[in-house]
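For reference, the structure is listed below as structure tokens.
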Amino acid sequence: MDLGIAGRKALVCASSKGLGRGCAEALAAAGVDLVMNARGAEALTETAEAIRAAHGVTVTTVAADITAEDGRAEVLAAAGDVDILVTNAGGPPPGVWSDWGREDFIKALDANMLTPIALMTELLPKMIDRRWGRVVNITSQSVKAPIPALGLSNAARTGLTGYVAGTARQVAQHGVTINNLLPGIHATDRAVSLDGGVAEREGITIDEARAKREATIPVRRYGTAEEFGAACAFLCSVHAGFIVAQNILADGGATNATI
């Protein structure tokens with residue numbers, strides 16, 4: 001399918017690896033020029049070179065912390081006007097309610113709620129002026145079904161979800177759509193880390209830990225960054241102009257909910 005976005009320009013955050021890279025790859029395959037951001041310069045440069053070679057698009061890289069004000073300013077200055085924004089940032093650490101104080105919540109809100117909002121605040125006006133734009137926020141399945149150990153993430157990402165619910169309906173009349181893409185477990189470094197923790201706690205191998213987790217997913221496997229990226233690219237396409245303010249699960253059916 002021709003996504004109809006060749007020649008557009010996208011800012012994809014945290015895109016040197018994992019789900020962010022999957023989104024960048026899929027957009028590049030559709031002919032979209034990229035501004036890629038991540039904290040690690042080496043991995044970011046390597047990924048950008050691979051995408052340029054594979055797809056022949058223009059790729060600008062900015063190694064900076066998108067959750068910090070100065071890093072965000074650097075990224076936005078390099079990006080200029082973009083047609084597509086994909087927000088993404090790592091989640092806060094797990095724990096229990098008694099572990100967290102005010103500063104823990106502020107840090108989680110800064111990364112997983114206020115950073116995407118700041119990026120949208122900066123970039124939406126020009127999208128509105130051009131009467132076309134796409135925003136996809138990578139959040140989490142936890143906004144549909146909270147994960148007890150991820151209370152910081154649950155709170156921050158649900159706050160972003162509420163913001164998008166109102167804002168998306170205000171800008172849709174201008175040809176700009178905002179949606180959230182909610183990953184479950186995917187075969188990324190994050191999954192390896194999680195499985196490693198389970199293996200250590202339970203005295204089993206990482207392969208056994210992964211098999212246990214896969215058994216809880218209806219499709220009986222982890223998702224891939226390529227699948228996730230394809231879903232993101234579709235939401236950024238000309239075919240998704242009637243999809244507004246939605247929270248779309250990409251979790252293999254793992255979230256047990258009727259709606």
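If you're wondering about the labels, chains in the structure tokens are A, B, ... by order shown, residues count from 1 in each chain, ligands from 1 in order shown.
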Requested in this report: Can you pull out every residue within 7 Å of range 184-190 of chain A, counting only C-alpha atoms, but drop anything in the same chain fewer than 4 positions away, and send it as a ChimeraX atom specification?
Outcome: /A:18,140-141,194,222-225,250-251
Report task. Identify, on the basis of only C-alpha atoms, every residue whose closest approach to Pro148 in chain A does not exceed 10 Å; exclude the query and any residue fewer than 6 positions from it along the same chain; express the result as a ChimeraX atom specification. Result -> /A:94-97,142,154
Report task. Write down as number ranges by chain the residues of range 187-227 of chain A whose backbone DSSP state falls under helix (DSSP H, G or I). Result -> A: 189-202, 206-214, 225-227
Report task. Compare A:Thr45, A:Ala211, A:Ser237, A:Phe228 by their minimum atom-to-atom distance to Ile5 in chain A, counting only C-alpha atoms, and give me the closest one. Result ->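 Of A:Thr45, A:Ala211, A:Ser237, A:Phe228, the one nearest Ile5 in chain A is A:Ser237, counting only C-alpha atoms.
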**Report entry** Option closest in space to Ala48 in chain A, from A:Glu69, A:Asp99, A:Glu202, A:Glu25 [counting only C-alpha atoms]
**Finding:**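 Checking each candidate against Ala48 in chain A, we get A:Glu25 as the closest.
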Query - For Arg8 in chain A: contacts at 8 Å, only C-alpha atoms, fewer than 3 positions along chain excluded, given as a PyMOL selection string - result: chain A and resi 5+31-33+82-84
Requested in this report: Considering only C-alpha atoms, return as an MDAnalysis selection string whatever protein or nucleic-acid residues lie within 12 Å of Leu11 in chain A, sequence-local ones (same chain, fewer than 4 positions apart) excluded.
Outcome: chainID A and resid 15 20:21 23:24 27:28 32:38 58:62 66 72 75:88 116 119:120 123 133:137 236
Residues just named, written with C-alpha atoms as a PDB file, in the first residue's frame:
ATOM      1  CA  SER A  15      14.791   6.104  17.472  1.00  0.00           C
ATOM      2  CA  GLY A  20      11.479   3.988  17.889  1.00  0.00           C
ATOM      3  CA  ARG A  21      13.819   2.553  15.284  1.00  0.00           C
ATOM      4  CA  CYS A  23       8.910   3.502  13.419  1.00  0.00           C
ATOM      5  CA  ALA A  24      11.776   5.359  11.752  1.00  0.00           C
ATOM      6  CA  LEU A  27       8.498   5.838   7.701  1.00  0.00           C
ATOM      7  CA  ALA A  28      11.731   5.857   5.708  1.00  0.00           C
ATOM      8  CA  VAL A  32       9.691  10.091   4.576  1.00  0.00           C
ATOM      9  CA  ASP A  33      12.780  12.167   5.428  1.00  0.00           C
ATOM     10  CA  LEU A  34      13.768  11.821   9.062  1.00  0.00           C
ATOM     11  CA  VAL A  35      15.042  13.773  12.019  1.00  0.00           C
ATOM     12  CA  MET A  36      16.168  11.080  14.444  1.00  0.00           C
ATOM     13  CA  ASN A  37      16.913  11.609  18.095  1.00  0.00           C
ATOM     14  CA  ALA A  38      18.411   9.487  20.856  1.00  0.00           C
ATOM     15  CA  THR A  58      17.518  12.333   4.118  1.00  0.00           C
ATOM     16  CA  VAL A  59      18.300  11.619   7.765  1.00  0.00           C
ATOM     17  CA  THR A  60      19.341  14.258  10.298  1.00  0.00           C
ATOM     18  CA  THR A  61      20.527  13.072  13.709  1.00  0.00           C
ATOM     19  CA  VAL A  62      20.508  14.876  17.047  1.00  0.00           C
ATOM     20  CA  ILE A  66      14.589  14.745  24.615  1.00  0.00           C
ATOM     21  CA  ARG A  72      14.539  19.275  23.495  1.00  0.00           C
ATOM     22  CA  VAL A  75      16.230  18.717  18.701  1.00  0.00           C
ATOM     23  CA  LEU A  76      13.516  21.209  17.780  1.00  0.00           C
ATOM     24  CA  ALA A  77      16.046  23.660  16.343  1.00  0.00           C
ATOM     25  CA  ALA A  78      17.478  20.946  14.103  1.00  0.00           C
ATOM     26  CA  ALA A  79      14.071  19.609  13.109  1.00  0.00           C
ATOM     27  CA  GLY A  80      12.466  22.852  12.012  1.00  0.00           C
ATOM     28  CA  ASP A  81       9.016  22.349  10.515  1.00  0.00           C
ATOM     29  CA  VAL A  82       7.949  18.710  10.412  1.00  0.00           C
ATOM     30  CA  ASP A  83       4.823  17.030   9.091  1.00  0.00           C
ATOM     31  CA  ILE A  84       4.990  14.008  11.389  1.00  0.00           C
ATOM     32  CA  LEU A  85       5.912  13.720  15.074  1.00  0.00           C
ATOM     33  CA  VAL A  86       6.510  10.398  16.813  1.00  0.00           C
ATOM     34  CA  THR A  87       7.090  10.874  20.533  1.00  0.00           C
ATOM     35  CA  ASN A  88       8.860   8.223  22.552  1.00  0.00           C
ATOM     36  CA  PRO A 116       5.329  14.881  24.459  1.00  0.00           C
ATOM     37  CA  LEU A 119       6.822  18.794  21.501  1.00  0.00           C
ATOM     38  CA  MET A 120       3.220  18.990  20.351  1.00  0.00           C
ATOM     39  CA  LEU A 123       5.087  21.650  16.338  1.00  0.00           C
ATOM     40  CA  GLY A 133      -0.017  16.746  10.233  1.00  0.00           C
ATOM     41  CA  ARG A 134       0.313  13.479  12.102  1.00  0.00           C
ATOM     42  CA  VAL A 135       1.295  12.852  15.721  1.00  0.00           C
ATOM     43  CA  VAL A 136       1.783   9.381  17.156  1.00  0.00           C
ATOM     44  CA  ASN A 137       2.670   9.040  20.819  1.00  0.00           C
ATOM     45  CA  CYS A 236       0.952   8.668   9.828  1.00  0.00           C
TER      46      CYS A 236
END
Query raised in the report: Hey, what's within 7 Å of range 103-109 of chain A if we count only C-alpha atoms and toss same-chain stuff fewer than 2 positions away? As a ChimeraX atom specification, please?
Result: /A:92,100-101,111-114,152-153,156
Report task. Give the strand (DSSP E or B) residues of range 1-200 of chain A, as assigned by DSSP on the backbone, as JSON, numbers by chain. Result -> {"A": [9, 10, 11, 12, 33, 34, 35, 36, 37, 38, 59, 60, 61, 62, 63, 84, 85, 86, 87, 133, 134, 135, 136, 137, 138, 176, 177, 178, 179, 180, 181, 182, 183, 186]}
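Among the candidate residues A:Ile117, A:Ala64, A:Ala14, A:Ala240, the one lying nearest to Gly91 in chain A is A:Ala14, with distances computed using only C-alpha atoms.
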**Report entry** Pick from A:Cys232, A:Asn180, A:Glu214, A:Ala257, whichever lies nearest to Leu19 in chain A using only C-alpha atoms
**Finding:**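 Looking at the shortest contact to Leu19 in chain A, the residue is A:Cys232.
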